[in-house]
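Coordinates from upload-v6.cif are shown below (mmCIF, C-alpha atoms).
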```cif
data_start
#
loop_
_atom_site.group_PDB
_atom_site.id
_atom_site.type_symbol
_atom_site.label_atom_id
_atom_site.label_comp_id
_atom_site.auth_asym_id
_atom_site.auth_seq_id
_atom_site.Cartn_x
_atom_site.Cartn_y
_atom_site.Cartn_z
ATOM 1 C CA MET K 50 116.928 122.532 110.383
ATOM 2 C CA PHE K 51 115.016 120.853 113.272
ATOM 3 C CA ASN K 52 116.094 120.346 116.881
ATOM 4 C CA ASP K 53 114.920 116.725 116.878
ATOM 5 C CA VAL K 54 116.760 115.721 113.678
ATOM 6 C CA LYS K 55 120.369 115.157 114.663
ATOM 7 C CA ALA K 56 123.152 115.037 112.071
ATOM 8 C CA ASP K 57 124.034 111.458 113.026
ATOM 9 C CA ALA K 58 120.472 110.112 112.644
ATOM 10 C CA TRP K 59 119.946 107.568 109.840
ATOM 11 C CA TYR K 60 117.211 109.789 108.385
ATOM 12 C CA TYR K 61 119.033 113.151 108.591
ATOM 13 C CA ASP K 62 119.847 113.458 104.861
ATOM 14 C CA ALA K 63 116.377 112.249 103.859
ATOM 15 C CA VAL K 64 114.589 114.757 106.105
ATOM 16 C CA ARG K 65 116.875 117.519 104.892
ATOM 17 C CA TYR K 66 116.151 116.626 101.243
ATOM 18 C CA ALA K 67 112.386 116.387 101.801
ATOM 19 C CA TYR K 68 112.319 119.641 103.766
ATOM 20 C CA GLU K 69 114.511 121.599 101.355
ATOM 21 C CA ASN K 70 112.377 120.397 98.444
ATOM 22 C CA LYS K 71 109.224 121.484 100.275
ATOM 23 C CA LEU K 72 107.779 117.977 100.448
ATOM 24 C CA VAL K 73 107.483 117.967 104.243
ATOM 25 C CA ASN K 74 107.034 120.519 106.978
ATOM 26 C CA GLY K 75 107.845 120.243 110.614
ATOM 27 C CA ILE K 76 105.166 119.920 113.241
ATOM 28 C CA SER K 77 106.493 123.275 114.445
ATOM 29 C CA GLU K 78 109.238 125.700 113.465
ATOM 30 C CA THR K 79 111.799 123.675 115.435
ATOM 31 C CA GLU K 80 110.457 120.083 115.482
ATOM 32 C CA PHE K 81 110.041 117.478 112.771
ATOM 33 C CA ALA K 82 108.849 114.552 114.954
ATOM 34 C CA PRO K 83 110.666 111.840 112.972
ATOM 35 C CA GLU K 84 109.168 108.955 114.953
ATOM 36 C CA GLU K 85 105.609 110.307 114.818
ATOM 37 C CA LYS K 86 103.265 108.042 112.906
ATOM 38 C CA LEU K 87 102.334 109.138 109.398
ATOM 39 C CA THR K 88 98.683 109.643 108.491
ATOM 40 C CA ARG K 89 97.025 109.006 105.159
ATOM 41 C CA ALA K 90 96.541 112.760 104.673
ATOM 42 C CA MET K 91 100.217 113.479 105.383
ATOM 43 C CA LEU K 92 101.446 111.002 102.776
ATOM 44 C CA VAL K 93 99.083 112.200 100.069
ATOM 45 C CA THR K 94 99.988 115.820 100.804
ATOM 46 C CA MET K 95 103.701 115.087 100.425
ATOM 47 C CA LEU K 96 103.137 113.518 97.003
ATOM 48 C CA TYR K 97 100.892 116.433 96.020
ATOM 49 C CA ARG K 98 103.660 118.856 96.965
ATOM 50 C CA ALA K 99 106.121 116.837 94.877
ATOM 51 C CA GLU K 100 103.846 117.631 91.924
ATOM 52 C CA ASN K 101 103.857 121.370 92.743
ATOM 53 C CA GLU K 102 100.279 121.264 94.000
ATOM 54 C CA PRO K 103 98.375 121.053 90.704
ATOM 55 C CA ASP K 104 94.766 122.120 90.401
ATOM 56 C CA ALA K 105 92.429 119.682 92.035
ATOM 57 C CA GLU K 106 88.779 118.949 91.611
ATOM 58 C CA LYS K 107 86.290 118.011 94.291
ATOM 59 C CA ALA K 108 87.338 115.428 96.846
ATOM 60 C CA GLU K 109 84.895 112.529 96.637
ATOM 61 C CA PHE K 110 84.970 111.473 100.281
ATOM 62 C CA ALA K 111 82.452 112.462 102.963
ATOM 63 C CA ASP K 112 85.205 112.747 105.601
ATOM 64 C CA VAL K 113 87.398 115.106 103.541
ATOM 65 C CA ASN K 114 85.984 118.542 104.197
ATOM 66 C CA GLU K 115 86.539 121.458 101.879
ATOM 67 C CA GLY K 116 89.012 123.812 103.501
ATOM 68 C CA ALA K 117 90.946 121.043 105.253
ATOM 69 C CA TRP K 118 94.725 121.410 104.773
ATOM 70 C CA TYR K 119 94.789 118.124 102.823
ATOM 71 C CA TYR K 120 91.599 118.630 100.763
ATOM 72 C CA ASN K 121 93.228 119.415 97.406
ATOM 73 C CA ALA K 122 95.873 116.719 97.886
ATOM 74 C CA VAL K 123 93.249 114.025 98.472
ATOM 75 C CA ALA K 124 91.129 115.230 95.542
ATOM 76 C CA TRP K 125 94.194 115.188 93.247
ATOM 77 C CA ALA K 126 95.341 111.757 94.457
ATOM 78 C CA LYS K 127 91.880 110.216 94.032
ATOM 79 C CA LYS K 128 91.456 111.703 90.547
ATOM 80 C CA ASN K 129 94.823 110.293 89.493
ATOM 81 C CA GLY K 130 94.225 106.809 90.896
ATOM 82 C CA ILE K 131 96.882 107.129 93.593
ATOM 83 C CA VAL K 132 94.525 106.502 96.500
ATOM 84 C CA ASN K 133 91.375 104.631 97.273
ATOM 85 C CA GLY K 134 89.303 105.199 100.326
ATOM 86 C CA ILE K 135 88.862 102.783 103.164
ATOM 87 C CA SER K 136 85.311 102.588 101.793
ATOM 88 C CA GLU K 137 83.511 104.150 98.840
ATOM 89 C CA THR K 138 82.687 107.239 100.893
ATOM 90 C CA GLU K 139 85.524 107.514 103.441
ATOM 91 C CA PHE K 140 89.195 108.341 103.033
ATOM 92 C CA ALA K 141 90.155 108.363 106.748
ATOM 93 C CA PRO K 142 92.634 111.255 106.495
ATOM 94 C CA ASP K 143 93.725 111.059 110.136
ATOM 95 C CA MET K 144 94.216 107.294 110.183
ATOM 96 C CA ASN K 145 97.797 106.175 110.653
ATOM 97 C CA ILE K 146 99.095 104.442 107.554
ATOM 98 C CA THR K 147 100.755 101.036 107.456
ATOM 99 C CA ARG K 148 103.916 100.196 105.562
ATOM 100 C CA GLU K 149 101.988 98.117 103.030
ATOM 101 C CA GLN K 150 99.489 100.936 102.459
ATOM 102 C CA THR K 151 102.402 103.347 102.028
ATOM 103 C CA ALA K 152 103.999 100.982 99.486
ATOM 104 C CA ALA K 153 100.734 100.740 97.532
ATOM 105 C CA ILE K 154 100.341 104.520 97.334
ATOM 106 C CA ILE K 155 103.977 105.070 96.364
ATOM 107 C CA TYR K 156 103.635 102.317 93.743
ATOM 108 C CA ARG K 157 100.561 103.959 92.189
ATOM 109 C CA TYR K 158 102.256 107.370 92.272
ATOM 110 C CA ALA K 159 105.379 105.962 90.569
ATOM 111 C CA SER K 160 103.180 104.363 87.906
ATOM 112 C CA LEU K 161 101.523 107.730 87.261
ATOM 113 C CA LYS K 162 104.992 109.271 86.918
ATOM 114 C CA GLY K 163 105.974 106.691 84.299
ATOM 115 C CA TYR K 164 108.491 104.677 86.309
ATOM 116 C CA ASN K 165 109.431 101.199 85.112
ATOM 117 C CA MET K 166 106.921 99.159 87.070
ATOM 118 C CA ALA K 167 108.483 95.860 85.985
ATOM 119 C CA ALA K 168 111.634 96.675 87.975
ATOM 120 C CA GLY K 169 110.526 94.791 91.069
ATOM 121 C CA GLU K 170 108.962 91.749 89.422
ATOM 122 C CA SER K 171 111.906 89.512 90.252
ATOM 123 C CA THR K 172 112.328 90.808 93.804
ATOM 124 C CA ASP K 173 112.098 87.934 96.256
ATOM 125 C CA ILE K 174 109.961 89.058 99.158
ATOM 126 C CA LEU K 175 109.125 85.445 99.977
ATOM 127 C CA SER K 176 112.356 85.415 101.957
ATOM 128 C CA TYR K 177 110.822 87.664 104.612
ATOM 129 C CA THR K 178 109.563 85.546 107.496
ATOM 130 C CA ASP K 179 106.427 87.705 107.710
ATOM 131 C CA TYR K 180 105.593 87.394 103.999
ATOM 132 C CA ALA K 181 102.269 85.713 104.841
ATOM 133 C CA ASP K 182 101.231 88.878 106.707
ATOM 134 C CA ILE K 183 101.270 90.966 103.505
ATOM 135 C CA SER K 184 97.785 91.772 102.214
ATOM 136 C CA GLU K 185 97.154 90.541 98.681
ATOM 137 C CA TYR K 186 96.802 94.074 97.255
ATOM 138 C CA ALA K 187 100.237 94.995 98.634
ATOM 139 C CA VAL K 188 102.349 92.111 97.314
ATOM 140 C CA THR K 189 103.230 93.764 93.986
ATOM 141 C CA PRO K 190 103.753 97.235 95.506
ATOM 142 C CA LEU K 191 106.033 95.801 98.210
ATOM 143 C CA LYS K 192 107.979 93.813 95.613
ATOM 144 C CA TRP K 193 108.430 96.991 93.556
ATOM 145 C CA THR K 194 109.331 99.332 96.431
ATOM 146 C CA SER K 195 111.684 96.709 97.839
ATOM 147 C CA GLY K 196 113.256 95.996 94.448
ATOM 148 C CA MET K 197 113.771 99.705 93.836
ATOM 149 C CA GLY K 198 115.334 100.150 97.283
ATOM 150 C CA ILE K 199 112.583 102.562 98.314
ATOM 151 C CA MET K 200 111.237 100.442 101.145
ATOM 152 C CA THR K 201 113.341 97.689 102.603
ATOM 153 C CA GLY K 202 112.766 95.242 105.376
ATOM 154 C CA LYS K 203 112.809 96.526 108.910
ATOM 155 C CA THR K 204 115.295 93.723 109.536
ATOM 156 C CA LYS K 205 116.960 91.290 107.147
ATOM 157 C CA GLU K 206 114.205 88.802 107.939
ATOM 158 C CA THR K 207 111.065 90.981 108.204
ATOM 159 C CA ILE K 208 109.289 93.607 106.131
ATOM 160 C CA ASN K 209 106.667 94.359 108.799
ATOM 161 C CA PRO K 210 103.784 95.198 106.438
ATOM 162 C CA SER K 211 101.356 96.040 109.259
ATOM 163 C CA ASP K 212 103.713 98.348 111.139
ATOM 164 C CA LEU K 213 102.799 102.004 110.987
ATOM 165 C CA SER K 214 104.942 104.245 108.809
ATOM 166 C CA THR K 215 106.800 107.108 110.477
ATOM 167 C CA ARG K 216 107.587 110.596 109.262
ATOM 168 C CA ALA K 217 111.297 109.698 109.090
ATOM 169 C CA GLU K 218 110.595 106.610 106.993
ATOM 170 C CA ILE K 219 108.521 108.496 104.465
ATOM 171 C CA ALA K 220 111.148 111.224 104.211
ATOM 172 C CA ALA K 221 113.614 108.489 103.235
ATOM 173 C CA GLU K 222 111.162 106.890 100.808
ATOM 174 C CA LEU K 223 110.352 110.144 99.012
ATOM 175 C CA GLY K 224 113.843 110.397 97.560
ATOM 176 C CA PHE K 225 113.189 107.802 94.830
#
```

Go ahead and express the file in the form of structure tokens.
Amino acid sequence: MFNDVKADAWYYDAVRYAYENKLVNGISETEFAPEEKLTRAMLVTMLYRAENEPDAEKAEFADVNEGAWYYNAVAWAKKNGIVNGISETEFAPDMNITREQTAAIIYRYASLKGYNMAAGESTDILSYTDYADISEYAVTPLKWTSGMGIMTGKTKETINPSDLSTRAEIAAELGF
């Protein structure tokens, strides 16, 4: 598979699954870069691939240029209510994405797919010592992703909502 994804790594099976199902690519033929930070464009593209790259309309963001490798993915995700921009006119495709932003996008995608969105309602994320650091928009998505076992705390005490998501983490989260 990839030289930098060892069989004993916690994310090995997840990367293998995501790669074999054509959700992720390596950064080269031989490297996956599991600890590399995930960008907004990367995440949206992975979800778009999971949907077999359906037809997309025009991307509505000034910083998403036609012909960019992520153009259709962003247009599809915006049309389907999976993503919002960082403003009305900007998507910020190259911006690294936080764990809470990742949870929100996965939550919206799961809703589109018809998942039971009530599954995480009783999940107690108040027990995380950094609960107060969670942005208001991300409370429900983090409860759901945590309750579904998609995104868990980085430790037993912290969820680290502001930490940046990695390629390995998203590979693990895509298996839901």

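Across the structure, CA of Met95 (chain K) and CA of Leu72 (chain K) are spaced 5.0 Å apart.
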
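CA of Tyr97 (chain K) lies 18.1 Å from CA of Ile76 (chain K).
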
**Item:** Picked residues, the PyMOL selection byres ((chain K and resi 123) around 8), as JSON, numbers by chain
**Value:** {"K": [90, 93, 94, 108, 113, 119, 120, 121, 122, 124, 125, 126, 127, 132]}

**Message:** Quick check on the file I pasted: which residues fall under the PyMOL selection byres ((chain K and resi 217) around 10)? Write them as JSON, numbers by chain.
**Reply:** {"K": [54, 58, 59, 60, 61, 63, 64, 67, 81, 82, 83, 84, 85, 86, 87, 214, 215, 216, 218, 219, 220, 221, 222]}

**Message:** Give me the residues near Glu149 (chain K) as a PyMOL selection string, where near means some atom within 7 Å (using only C-alpha atoms) and where sequence neighbours in that chain fewer than 6 positions away do not count.
**Reply:** chain K and resi 187+191+210-211

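The coordinates place CA of Gln150 (chain K) at 12.8 Å from CA of Ile208 (chain K).
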
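Excluding Met197 (chain K) and any residue on its chain fewer than 2 positions from it, the residues at most 7 Å away by only C-alpha atoms are K:Ala168, K:Gly169, K:Trp193, K:Thr194, K:Ser195, K:Ile199.
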
Store the residues of this selection in a file with C-alpha atoms, as a PDB file, keeping the file's coordinate frame.
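Saved as selection-v5.pdb:
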```
ATOM      1  CA  ALA K 168     111.634  96.675  87.975  1.00  0.00           C
ATOM      2  CA  GLY K 169     110.526  94.791  91.069  1.00  0.00           C
ATOM      3  CA  TRP K 193     108.430  96.991  93.556  1.00  0.00           C
ATOM      4  CA  THR K 194     109.331  99.332  96.431  1.00  0.00           C
ATOM      5  CA  SER K 195     111.684  96.709  97.839  1.00  0.00           C
ATOM      6  CA  ILE K 199     112.583 102.562  98.314  1.00  0.00           C
TER       7      ILE K 199
END
```

**Request:** Output the residue selection produced by the PyMOL selection byres ((chain K and resi 159) around 12) on the file above, formatted as a ChimeraX atom specification.
**Result:** /K:96,99-100,129-131,152-158,160-168,190,193-194,197,199,222-225

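The nearest approach to Arg98 (chain K) among the residues K:Lys192, K:Asn74, K:Glu115, K:Thr147, with only C-alpha atoms taken into account, belongs to K:Asn74.
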